[in-house]
$ cat work-v1.txt   # compact mmCIF, C-alpha atoms
# COMPACT_ATOMS: atom_id res chain seq x y z
CA MET A 233 30.10 47.46 -129.89
CA ILE A 234 30.60 47.68 -133.64
CA ASP A 235 30.87 44.58 -135.84
CA VAL A 236 34.32 44.01 -137.34
CA ARG A 237 33.07 42.21 -140.43
CA GLN A 238 30.75 45.06 -141.36
CA LEU A 239 33.53 47.57 -140.83
CA LYS A 240 35.87 45.70 -143.17
CA GLU A 241 33.18 45.54 -145.85
CA ALA A 242 32.61 49.28 -145.51
CA VAL A 243 36.33 50.02 -145.88
CA LYS A 244 36.56 47.80 -148.95
CA ALA A 245 33.64 49.65 -150.52
CA GLY A 246 35.20 53.03 -149.78
CA LYS A 247 38.66 52.55 -151.30
CA GLU A 248 38.03 54.63 -154.42
CA GLU A 249 36.47 57.39 -152.34
CA TYR A 250 39.54 57.54 -150.06
CA SER A 251 41.76 58.08 -153.10
CA ARG A 252 39.47 60.77 -154.44
CA ILE A 253 39.45 62.61 -151.10
CA ARG A 254 43.22 62.36 -150.76
CA ARG A 255 43.76 63.80 -154.24
CA GLU A 256 41.39 66.68 -153.53
CA PHE A 257 43.45 67.68 -150.51
CA HIS A 258 46.70 67.02 -152.35
CA ARG A 259 45.87 69.86 -154.75
CA ILE A 260 45.64 72.51 -152.00
CA PRO A 261 48.62 72.15 -149.65
CA GLU A 262 48.96 74.92 -147.07
CA LEU A 263 51.76 75.64 -144.63
CA GLY A 264 51.49 75.42 -140.86
CA MET A 265 48.96 77.74 -139.20
CA GLU A 266 47.76 78.79 -142.68
CA GLU A 267 45.55 75.76 -143.45
CA VAL A 268 42.35 77.80 -143.84
CA GLU A 269 41.14 76.26 -147.12
CA THR A 270 42.09 72.78 -145.92
CA THR A 271 40.17 73.29 -142.68
CA GLU A 272 37.08 74.53 -144.51
CA MET A 273 37.11 71.51 -146.79
CA ILE A 274 37.48 69.14 -143.83
CA CYS A 275 34.54 70.81 -142.12
CA ARG A 276 32.39 70.51 -145.26
CA TYR A 277 33.10 66.78 -145.41
CA LEU A 278 32.18 66.38 -141.73
CA GLU A 279 28.97 68.36 -142.13
CA ARG A 280 27.90 66.18 -145.07
CA MET A 281 28.33 63.16 -142.78
CA GLY A 282 26.15 64.79 -140.15
CA VAL A 283 29.11 65.49 -137.86
CA VAL A 284 29.36 68.92 -136.24
CA PRO A 285 32.86 70.41 -136.67
CA HIS A 286 34.48 72.81 -134.22
CA HIS A 287 37.06 75.21 -135.63
CA LEU A 288 40.43 75.68 -133.98
CA GLU A 289 42.35 78.94 -134.12
CA PRO A 290 43.85 79.87 -136.50
CA SER A 291 43.27 76.58 -138.38
CA GLY A 292 42.41 72.95 -137.77
CA ALA A 293 39.25 71.38 -136.39
CA PHE A 294 37.84 68.73 -134.07
CA ALA A 295 34.54 66.87 -133.85
CA TYR A 296 32.77 64.18 -131.86
CA ILE A 297 31.09 60.92 -132.83
CA GLY A 298 29.34 58.63 -130.35
CA PRO A 299 27.80 59.04 -126.90
CA GLU A 300 28.19 62.41 -125.22
CA MET A 301 29.58 61.03 -121.99
CA GLY A 302 31.97 58.26 -121.07
CA PHE A 303 35.34 56.97 -122.22
CA THR A 304 36.79 59.05 -125.07
CA ILE A 305 39.43 58.11 -127.64
CA ALA A 306 40.92 60.79 -129.85
CA LEU A 307 42.00 60.02 -133.42
CA ARG A 308 44.45 62.55 -134.82
CA ALA A 309 45.49 63.52 -138.36
CA ASP A 310 47.92 66.32 -139.22
CA ILE A 311 46.89 68.52 -142.14
CA ASP A 312 49.74 70.84 -143.19
CA GLY A 313 51.93 70.72 -146.28
CA LEU A 314 55.56 71.63 -146.91
CA PRO A 315 57.41 74.46 -148.71
CA VAL A 316 58.41 72.06 -151.50
CA THR A 317 57.91 72.51 -155.25
CA GLU A 318 56.11 69.41 -156.54
CA GLU A 319 57.73 67.38 -159.32
CA THR A 320 55.44 64.33 -159.41
CA GLY A 321 53.74 65.23 -162.70
CA VAL A 322 50.37 63.86 -161.52
CA LYS A 323 47.14 65.42 -162.78
CA TYR A 324 46.11 66.36 -159.24
CA ALA A 325 49.42 68.11 -158.43
CA SER A 326 49.56 71.11 -156.11
CA VAL A 327 47.95 74.28 -157.42
CA HIS A 328 49.96 76.36 -154.95
CA PRO A 329 53.45 77.10 -156.30
CA GLY A 330 56.23 76.15 -153.92
CA ARG A 331 53.95 74.11 -151.67
CA MET A 332 53.30 70.39 -151.65
CA HIS A 333 51.84 67.58 -149.58
CA ALA A 334 55.24 65.88 -149.59
CA CYS A 335 54.80 63.99 -146.33
CA GLY A 336 51.51 62.15 -146.71
CA HIS A 337 49.34 64.43 -144.61
CA ASP A 338 46.76 64.48 -147.40
CA GLY A 339 46.53 60.71 -146.90
CA HIS A 340 46.21 61.18 -143.15
CA ILE A 341 43.23 63.49 -143.68
CA ALA A 342 41.59 61.03 -146.10
CA GLY A 343 42.17 58.13 -143.71
CA LEU A 344 40.57 59.90 -140.76
CA LEU A 345 37.64 61.20 -142.80
CA GLY A 346 37.09 57.69 -144.14
CA ALA A 347 37.00 56.28 -140.62
CA ALA A 348 34.75 59.12 -139.47
CA GLU A 349 32.10 58.35 -142.08
CA ILE A 350 32.01 54.68 -141.16
CA LEU A 351 31.81 55.46 -137.44
CA LYS A 352 29.08 58.05 -137.95
CA GLN A 353 26.96 55.55 -139.90
CA ARG A 354 27.19 53.18 -136.92
CA GLU A 355 27.14 55.81 -134.21
CA GLU A 356 24.30 54.23 -132.24
CA LYS A 357 26.40 51.08 -131.76
CA LEU A 358 29.43 52.88 -130.37
CA SER A 359 30.09 52.34 -126.67
CA VAL A 360 32.82 55.03 -126.51
CA ARG A 361 33.03 58.59 -127.70
CA VAL A 362 35.40 59.30 -130.59
CA LYS A 363 37.04 62.71 -130.88
CA LEU A 364 38.43 63.54 -134.32
CA ILE A 365 41.37 65.95 -134.27
CA PHE A 366 42.59 67.54 -137.49
CA GLN A 367 45.81 69.19 -136.34
CA PRO A 368 47.56 72.08 -138.09
CA SER A 369 51.27 72.83 -138.22
CA GLU A 370 52.97 69.50 -137.50
CA GLU A 371 55.90 70.14 -139.82
CA ASN A 372 57.16 73.11 -137.79
CA THR A 373 56.31 71.32 -134.50
CA LEU A 374 53.96 74.08 -133.35
CA GLY A 375 50.53 72.54 -133.89
CA ALA A 376 50.07 70.00 -131.11
CA ALA A 377 51.28 72.27 -128.33
CA HIS A 378 49.19 75.12 -129.76
CA ILE A 379 45.91 73.22 -129.74
CA LEU A 380 46.67 71.62 -126.38
CA ALA A 381 46.72 75.17 -125.06
CA GLN A 382 43.14 75.46 -126.35
CA GLY A 383 42.07 72.52 -124.15
CA VAL A 384 41.47 70.04 -126.95
CA LEU A 385 42.61 67.03 -124.90
CA SER A 386 40.86 67.98 -121.65
CA ASP A 387 38.08 65.42 -122.18
CA VAL A 388 40.19 62.66 -123.81
CA ASP A 389 41.25 59.39 -122.14
CA VAL A 390 43.55 57.95 -124.84
CA ILE A 391 44.78 59.03 -128.27
CA PHE A 392 45.83 57.27 -131.48
CA GLY A 393 47.65 58.55 -134.55
CA LEU A 394 49.58 57.26 -137.55
CA HIS A 395 52.00 58.25 -140.29
CA LEU A 396 52.44 57.04 -143.87
CA PHE A 397 56.02 56.20 -144.88
CA SER A 398 57.08 55.48 -148.44
CA ASP A 399 60.22 53.61 -147.37
CA MET A 400 57.94 50.95 -145.87
CA LYS A 401 56.11 48.87 -148.47
CA THR A 402 52.34 48.98 -148.59
CA GLY A 403 50.88 46.41 -146.23
CA ASP A 404 53.57 46.77 -143.59
CA VAL A 405 52.35 48.30 -140.33
CA SER A 406 54.26 48.80 -137.09
CA ILE A 407 52.63 49.42 -133.70
CA GLU A 408 55.22 48.95 -130.97
CA ALA A 409 55.63 50.08 -127.38
CA GLY A 410 58.37 52.39 -126.17
CA PRO A 411 60.39 55.08 -127.99
CA ARG A 412 59.36 55.37 -131.64
CA MET A 413 60.47 58.83 -132.78
CA ALA A 414 63.01 61.29 -131.47
CA GLN A 415 63.07 64.58 -129.62
CA THR A 416 64.17 67.05 -132.27
CA ASP A 417 66.06 70.16 -131.24
CA ARG A 418 67.45 72.76 -133.61
CA PHE A 419 70.19 75.33 -133.41
CA SER A 420 71.59 78.30 -135.31
CA ILE A 421 75.12 79.57 -134.75
CA THR A 422 76.53 82.76 -136.21
CA PHE A 423 80.31 82.95 -136.14
CA GLU A 424 81.57 86.52 -136.02
CA GLY A 425 85.08 87.40 -137.13
CA LYS A 426 86.68 90.18 -139.13
CA GLY A 427 86.37 90.36 -142.88
CA GLY A 428 88.94 91.56 -145.35
CA HIS A 429 90.96 90.86 -148.48
CA ALA A 430 91.74 87.25 -149.39
CA GLY A 431 95.35 88.24 -149.98
CA LYS A 432 95.74 89.64 -146.45
CA PRO A 433 94.44 86.87 -144.16
CA HIS A 434 96.69 88.04 -141.33
CA GLN A 435 94.54 91.15 -141.02
CA CYS A 436 91.34 89.12 -140.71
CA VAL A 437 89.50 86.69 -138.48
CA ASP A 438 88.06 84.20 -140.96
CA ALA A 439 84.49 83.26 -140.05
CA THR A 440 84.41 80.63 -142.82
CA VAL A 441 87.28 78.76 -141.20
CA MET A 442 85.54 78.91 -137.81
CA ALA A 443 82.32 77.51 -139.27
CA ALA A 444 84.17 74.80 -141.20
CA ASP A 445 86.08 73.72 -138.09
CA PHE A 446 82.81 73.61 -136.15
CA VAL A 447 81.10 71.46 -138.79
CA MET A 448 83.90 68.90 -138.63
CA SER A 449 84.15 69.04 -134.84
CA VAL A 450 80.50 68.18 -134.16
CA GLN A 451 80.83 64.99 -136.20
CA SER A 452 82.52 63.35 -133.20
CA ILE A 453 79.97 64.36 -130.56
CA VAL A 454 77.86 61.21 -130.96
CA SER A 455 80.83 58.85 -131.24
CA ARG A 456 82.79 60.33 -128.33
CA GLU A 457 80.41 62.12 -125.96
CA VAL A 458 77.25 59.99 -126.04
CA ASP A 459 76.83 56.60 -124.40
CA PRO A 460 77.20 54.00 -127.17
CA ALA A 461 74.02 52.34 -125.87
CA ASP A 462 72.06 55.49 -126.73
CA SER A 463 70.95 56.65 -130.16
CA ALA A 464 71.62 60.22 -131.21
CA VAL A 465 72.11 62.40 -134.27
CA VAL A 466 73.84 65.73 -134.80
CA THR A 467 73.37 67.11 -138.30
CA ILE A 468 74.38 70.41 -139.89
CA GLY A 469 71.81 71.05 -142.59
CA SER A 470 72.68 74.59 -143.60
CA LEU A 471 75.98 76.48 -143.91
CA HIS A 472 76.27 80.01 -145.32
CA SER A 473 79.39 82.11 -145.59
CA GLY A 474 80.99 84.68 -147.84
CA SER A 475 79.95 86.66 -150.88
CA GLN A 476 82.91 86.52 -153.28
CA TYR A 477 85.98 84.38 -153.97
CA ASN A 478 88.54 87.00 -152.95
CA VAL A 479 86.81 88.30 -149.81
CA ILE A 480 87.36 86.76 -146.38
CA ALA A 481 83.98 86.52 -144.67
CA GLY A 482 83.40 88.32 -141.39
CA THR A 483 80.34 86.22 -140.55
CA ALA A 484 79.23 82.66 -141.21
CA GLN A 485 76.10 80.81 -140.11
CA ALA A 486 75.61 77.11 -139.41
CA GLU A 487 72.19 75.62 -138.71
CA GLY A 488 71.48 72.09 -137.61
CA THR A 489 69.52 69.64 -135.51
CA CYS A 490 70.14 67.29 -132.59
CA ARG A 491 67.95 64.23 -132.12
CA SER A 492 67.72 61.68 -129.33
CA PHE A 493 65.32 59.55 -127.29
CA ARG A 494 66.34 60.50 -123.74
CA GLU A 495 66.31 63.86 -121.97
CA GLU A 496 69.75 63.20 -120.49
CA THR A 497 71.17 62.61 -123.96
CA ALA A 498 69.38 65.64 -125.41
CA LEU A 499 70.90 67.89 -122.76
CA ARG A 500 74.35 66.41 -123.37
CA LEU A 501 74.06 67.16 -127.08
CA LYS A 502 73.05 70.75 -126.36
CA GLU A 503 76.00 71.27 -124.02
CA ALA A 504 78.45 69.75 -126.51
CA VAL A 505 77.26 71.80 -129.49
CA GLU A 506 77.36 75.06 -127.53
CA ALA A 507 80.77 74.33 -125.97
CA ARG A 508 82.39 73.47 -129.30
CA ALA A 509 81.02 76.57 -130.98
CA GLU A 510 82.27 78.83 -128.21
CA HIS A 511 85.70 77.19 -127.95
CA ILE A 512 86.30 77.18 -131.71
CA ALA A 513 85.28 80.82 -132.08
CA ALA A 514 87.54 81.85 -129.20
CA TYR A 515 90.46 79.83 -130.60
CA TYR A 516 90.34 81.82 -133.85
CA GLY A 517 89.76 85.13 -132.10
CA GLY A 518 86.09 85.45 -132.97
CA LYS A 519 82.72 85.07 -131.28
CA ALA A 520 79.81 82.64 -131.56
CA ASP A 521 76.21 83.81 -131.25
CA ILE A 522 74.24 80.65 -130.38
CA THR A 523 70.48 80.15 -130.61
CA TYR A 524 69.43 76.69 -129.42
CA HIS A 525 65.77 75.65 -129.56
CA TYR A 526 65.55 72.87 -126.99
CA GLY A 527 62.49 70.70 -126.57
CA SER A 528 60.33 71.77 -129.52
CA HIS A 529 58.71 68.46 -128.71
CA PRO A 530 59.67 65.46 -126.55
CA PRO A 531 60.43 62.00 -127.92
CA LEU A 532 57.42 60.01 -129.10
CA VAL A 533 56.98 57.07 -126.72
CA ASN A 534 54.09 54.62 -127.17
CA ASP A 535 52.31 53.69 -123.96
CA ALA A 536 52.96 50.00 -123.26
CA SER A 537 49.51 49.14 -121.89
CA LEU A 538 47.61 50.91 -124.65
CA THR A 539 49.88 49.38 -127.30
CA ALA A 540 49.07 45.94 -125.88
CA CYS A 541 45.37 46.73 -126.44
CA ILE A 542 45.57 48.29 -129.90
CA ALA A 543 48.17 46.05 -131.59
CA PRO A 544 46.08 42.82 -131.44
CA GLU A 545 43.01 44.70 -132.69
CA ALA A 546 45.04 46.11 -135.58
CA GLU A 547 46.12 42.61 -136.60
CA ARG A 548 42.51 41.44 -136.39
CA PHE A 549 41.24 44.28 -138.58
CA LEU A 550 44.12 44.10 -141.07
CA GLU A 551 44.08 40.28 -141.11
CA ARG A 552 47.88 40.13 -141.03
CA LYS A 553 50.75 40.34 -138.59
CA LEU A 554 52.33 43.65 -137.68
CA CYS A 555 56.00 44.13 -138.56
CA HIS A 556 58.97 45.44 -136.61
CA VAL A 557 60.40 48.85 -137.46
CA PRO A 558 63.26 50.27 -135.35
CA PRO A 559 62.76 53.68 -133.74
CA LEU A 560 63.17 56.57 -136.17
CA MET A 561 65.25 59.72 -135.73
CA LEU A 562 62.42 61.68 -137.33
CA GLY A 563 60.34 64.06 -135.25
CA GLU A 564 56.58 64.10 -134.62
CA ASP A 565 54.77 66.49 -132.30
CA PHE A 566 52.12 63.85 -131.55
CA SER A 567 54.46 63.30 -128.60
CA TRP A 568 53.00 66.35 -126.86
CA TYR A 569 49.65 64.56 -126.61
CA GLN A 570 51.39 61.60 -124.97
CA THR A 571 52.52 63.87 -122.14
CA LYS A 572 48.84 64.39 -121.26
CA VAL A 573 47.16 61.02 -121.93
CA PRO A 574 48.28 57.52 -122.96
CA GLY A 575 48.93 57.50 -126.70
CA VAL A 576 49.92 55.13 -129.48
CA PHE A 577 51.36 56.03 -132.86
CA ALA A 578 51.55 53.64 -135.83
CA PHE A 579 53.93 53.54 -138.80
CA VAL A 580 52.08 52.66 -142.03
CA GLY A 581 53.80 51.59 -145.24
CA CYS A 582 52.73 53.34 -148.45
CA GLY A 583 55.58 52.45 -150.81
CA ASP A 584 54.54 50.64 -153.98
CA PRO A 585 57.04 47.76 -154.32
CA GLU A 586 56.65 47.81 -158.10
CA LYS A 587 57.58 51.50 -158.50
CA GLU A 588 60.43 53.79 -157.61
CA CYS A 589 59.69 55.24 -154.20
CA PHE A 590 60.87 58.66 -153.10
CA PRO A 591 61.25 59.50 -149.40
CA ASN A 592 58.96 61.76 -147.41
CA HIS A 593 59.73 65.47 -148.08
CA HIS A 594 61.04 64.75 -151.59
CA PRO A 595 59.55 66.76 -154.53
CA CYS A 596 58.56 63.44 -156.15
CA PHE A 597 57.09 61.90 -153.00
CA ALA A 598 53.98 59.86 -153.73
CA ILE A 599 51.97 57.24 -151.89
CA ASP A 600 50.49 53.94 -152.93
CA GLU A 601 46.85 54.79 -152.33
CA ARG A 602 46.07 51.21 -151.35
CA ALA A 603 47.59 52.19 -147.99
CA LEU A 604 44.65 54.53 -147.32
CA ALA A 605 42.43 51.56 -146.54
CA ASP A 606 45.01 50.44 -143.96
CA ALA A 607 44.88 53.88 -142.38
CA VAL A 608 41.09 53.70 -142.11
CA LEU A 609 41.22 50.19 -140.65
CA LEU A 610 43.81 51.23 -138.08
CA HIS A 611 41.65 54.10 -136.83
CA LEU A 612 38.71 51.74 -136.56
CA SER A 613 40.80 49.13 -134.76
CA ALA A 614 41.91 51.75 -132.23
CA VAL A 615 38.25 52.56 -131.52
CA SER A 616 37.50 48.86 -131.09
CA ALA A 617 40.41 48.58 -128.66
CA ALA A 618 39.09 51.59 -126.75
CA GLU A 619 35.69 49.89 -126.43
CA LYS A 620 37.31 46.81 -124.92
CA LEU A 621 39.46 48.93 -122.62
CA ALA A 622 36.45 50.94 -121.45
CA GLU A 623 34.48 47.75 -120.81
CA LYS A 624 37.39 46.33 -118.82
CA GLU A 625 37.69 49.50 -116.73
CA ALA A 626 33.95 49.52 -116.06
CA LYS A 627 34.10 45.95 -114.71
CA THR A 628 37.10 46.86 -112.55
CA ASP A 629 35.24 49.85 -111.08
CA VAL A 630 32.33 47.62 -110.12
$ encode --input "work-v1.txt" --output "structure tokens"
Amino acid sequence: MIDVRQLKEAVKAGKEEYSRIRREFHRIPELGMEEVETTEMICRYLERMGVVPHHLEPSGAFAYIGPEMGFTIALRADIDGLPVTEETGVKYASVHPGRMHACGHDGHIAGLLGAAEILKQREEKLSVRVKLIFQPSEENTLGAAHILAQGVLSDVDVIFGLHLFSDMKTGDVSIEAGPRMAQTDRFSITFEGKGGHAGKPHQCVDATVMAADFVMSVQSIVSREVDPADSAVVTIGSLHSGSQYNVIAGTAQAEGTCRSFREETALRLKEAVEARAEHIAAYYGGKADITYHYGSHPPLVNDASLTACIAPEAERFLERKLCHVPPLMLGEDFSWYQTKVPGVFAFVGCGDPEKECFPNHHPCFAIDERALADAVLLHLSAVSAAEKLAEKEAKTDV
């Protein structure tokens, strides 16, 4: 079993290196399933540590540290960027136009690589096997399910992951049992009417009016069709209609998302969105072509027993109390792993309280790099918890 004091000293000594690694990855953001350069750089770092990387297809990687057999904990970091044009003005800004690490995944990579180096240096003292997973394509919710299909979790007993959030101040960390992030479904609805001249509306079926009525109608779904004890969101994020001021549009498209923590609620939202679109289109004499992507990933729910093991270890490694953060209506495909093995996901603050902080996905998003040490410590604390859990299970088996 590894010594906590030595681990803390190693993390303290590596703080500048974590920042350097994060900035190196920040410069080369790649979109989901295209993270070829990112994957190659991750593999080079692992090879320099003496860790053998295994490539995933088409991108991403995994590797092992510790004994070949026995209890295995997976530590996961997502590695993709976003189609965002960076406006931070930092010297290490993205070199890829229109792409940016605007969600902290560069910090996730640095945090897991930092933990990997420390674990590899103390590999002979590990009583559990650690599987490092560098997952592609989290932002479009395709990555976790894709690599699960490649059997990546077939030899894993438990899994741990984390996310950096700039609206939490640096130093704040939340590891709590139960629902933590939502199931995120998306939909696209094309309203079809009959176009024509703005001065002759009686000859037309106005698709813009249909879409506008729909946008206003769905605002009452949560307040009137969902149990008030549940949490849910219905948001229209995109609305396109028309080409000129004096032309009535024959088609209009609305795109949005539904988010919730329970399958029953998610299904109710789907039914309500589809019913309102169909009824509104019919009322105006048009049609609604509905595409609803249900279950791109389930809600993220932290396993209670594993949380009870990891949370105290996290406080011991961090030397401070964890904080409470309510469940978030954001999505995270780490939840797919939790359908296979017990998993815990942590929220990690990276907002500098002395600076203006921009939210994740913003062109000016930045992290307080002091939070990278917390990320490393949390991965190490999860491994320590796994060692205690494995020891407990071994005694129970005897």
$ atom_distance --input "work-v1.txt" --atom1 "CA of Pro544 (chain A)" --atom2 "CA of Leu610 (chain A)"
11.0 Å
$ atom_distance --input "work-v1.txt" --atom1 "CA of Pro530 (chain A)" --atom2 "CA of Gly563 (chain A)"
8.8 Å
$ atom_distance --input "work-v1.txt" --atom1 "CA of Tyr477 (chain A)" --atom2 "CA of Gly431 (chain A)"
10.9 Å
$ closest_atom_pairs --input "work-v1.txt" --of "region 566-605 of chain A" --to "region 309-331 of chain A" --cutoff "10 Å" --atoms "only C-alpha atoms" --output "Markdown table"
| residue | atom | partner | partner_atom | distance |
| --- | --- | --- | --- | --- |
| A:Phe566 | CA | A:Asp310 | CA | 9.1 |
| A:His593 | CA | A:Leu314 | CA | 7.5 |
| A:His594 | CA | A:Val316 | CA | 7.8 |
| A:Pro595 | CA | A:Glu318 | CA | 4.8 |
| A:Cys596 | CA | A:Thr320 | CA | 4.6 |
| A:Phe597 | CA | A:Thr320 | CA | 7.1 |
| A:Ala598 | CA | A:Thr320 | CA | 7.4 |
$ closest_residue --input "work-v1.txt" --among "A:Asp399, A:Glu300, A:Ile305, A:Glu267" --to "Phe590 (chain A)" --atoms "only C-alpha atoms"
A:Asp399
$ residues_near_point --input "work-v1.txt" --point "(42.4, 51.2, -133.8)" --cutoff "9 Å" --atoms "all atoms listed in the file" --output "list in words"
Leu307, Phe392, Ile542, Ala543, Glu545, Ala546, Phe549, Val608, Leu609, Leu610, His611, Leu612, Ser613, Ala614, Val615, Ser616, Ala617 and Ala618 of chain A
$ closest_residue --input "work-v1.txt" --among "A:Arg280, A:Thr373, A:Arg602, A:Ala245" --to "Pro585 (chain A)" --atoms "only C-alpha atoms"
A:Arg602
$ residues_around --input "work-v1.txt" --residues "Asn592 (chain A)" --least-positions-apart "3" --cutoff "7 Å" --atoms "all atoms listed in the file" --output "PyMOL selection string"
chain A and resi 334-335+397-398+597
$ closest_residue --input "work-v1.txt" --among "A:Glu506, A:Glu356, A:Glu248, A:Asp235" --to "Ser449 (chain A)" --atoms "only C-alpha atoms"
A:Glu506
$ closest_residue --input "work-v1.txt" --among "A:Thr571, A:Ser406, A:Ser386, A:Thr304" --to "Cys555 (chain A)" --atoms "all atoms listed in the file"
A:Ser406
$ residues_around --input "work-v1.txt" --residues "region 383-385 of chain A" --least-positions-apart "2" --cutoff "10 Å" --atoms "all atoms listed in the file" --output "ChimeraX atom specification"
/A:288,293-294,304-306,363,365,376,378-381,387-391,569,572-573
$ build_atoms --input "work-v1.txt" --residues "region 552-565 of chain A" --atoms "N, CA and C atoms" --output "CSV table (one decimal), in the frame of the given file"
chain,number,residue,atom,x,y,z
A,552,ARG,N,46.5,40.5,-140.8
A,552,ARG,CA,47.9,40.1,-141.0
A,552,ARG,C,48.7,40.6,-139.8
A,553,LYS,N,49.9,40.0,-139.7
A,553,LYS,CA,50.8,40.3,-138.6
A,553,LYS,C,51.4,41.7,-138.8
A,554,LEU,N,51.6,42.4,-137.7
A,554,LEU,CA,52.3,43.6,-137.7
A,554,LEU,C,53.8,43.4,-137.9
A,555,CYS,N,54.6,44.3,-138.3
A,555,CYS,CA,56.0,44.1,-138.6
A,555,CYS,C,56.8,45.0,-137.6
A,556,HIS,N,58.1,44.7,-137.5
A,556,HIS,CA,59.0,45.4,-136.6
A,556,HIS,C,59.7,46.5,-137.4
A,557,VAL,N,59.7,47.7,-136.9
A,557,VAL,CA,60.4,48.8,-137.5
A,557,VAL,C,61.2,49.5,-136.3
A,558,PRO,N,62.5,49.6,-136.4
A,558,PRO,CA,63.3,50.3,-135.4
A,558,PRO,C,62.8,51.7,-135.1
A,559,PRO,N,63.1,52.3,-134.0
A,559,PRO,CA,62.8,53.7,-133.7
A,559,PRO,C,63.4,54.6,-134.8
A,560,LEU,N,62.7,55.7,-135.1
A,560,LEU,CA,63.2,56.6,-136.2
A,560,LEU,C,63.7,57.9,-135.6
A,561,MET,N,64.7,58.4,-136.2
A,561,MET,CA,65.2,59.7,-135.7
A,561,MET,C,64.5,60.9,-136.3
A,562,LEU,N,63.3,60.6,-136.8
A,562,LEU,CA,62.4,61.7,-137.3
A,562,LEU,C,61.7,62.3,-136.1
A,563,GLY,N,61.1,63.4,-136.3
A,563,GLY,CA,60.3,64.1,-135.2
A,563,GLY,C,58.8,64.1,-135.5
A,564,GLU,N,58.0,64.1,-134.5
A,564,GLU,CA,56.6,64.1,-134.6
A,564,GLU,C,56.0,64.7,-133.4
A,565,ASP,N,55.3,65.8,-133.5
A,565,ASP,CA,54.8,66.5,-132.3
A,565,ASP,C,53.5,65.8,-131.7
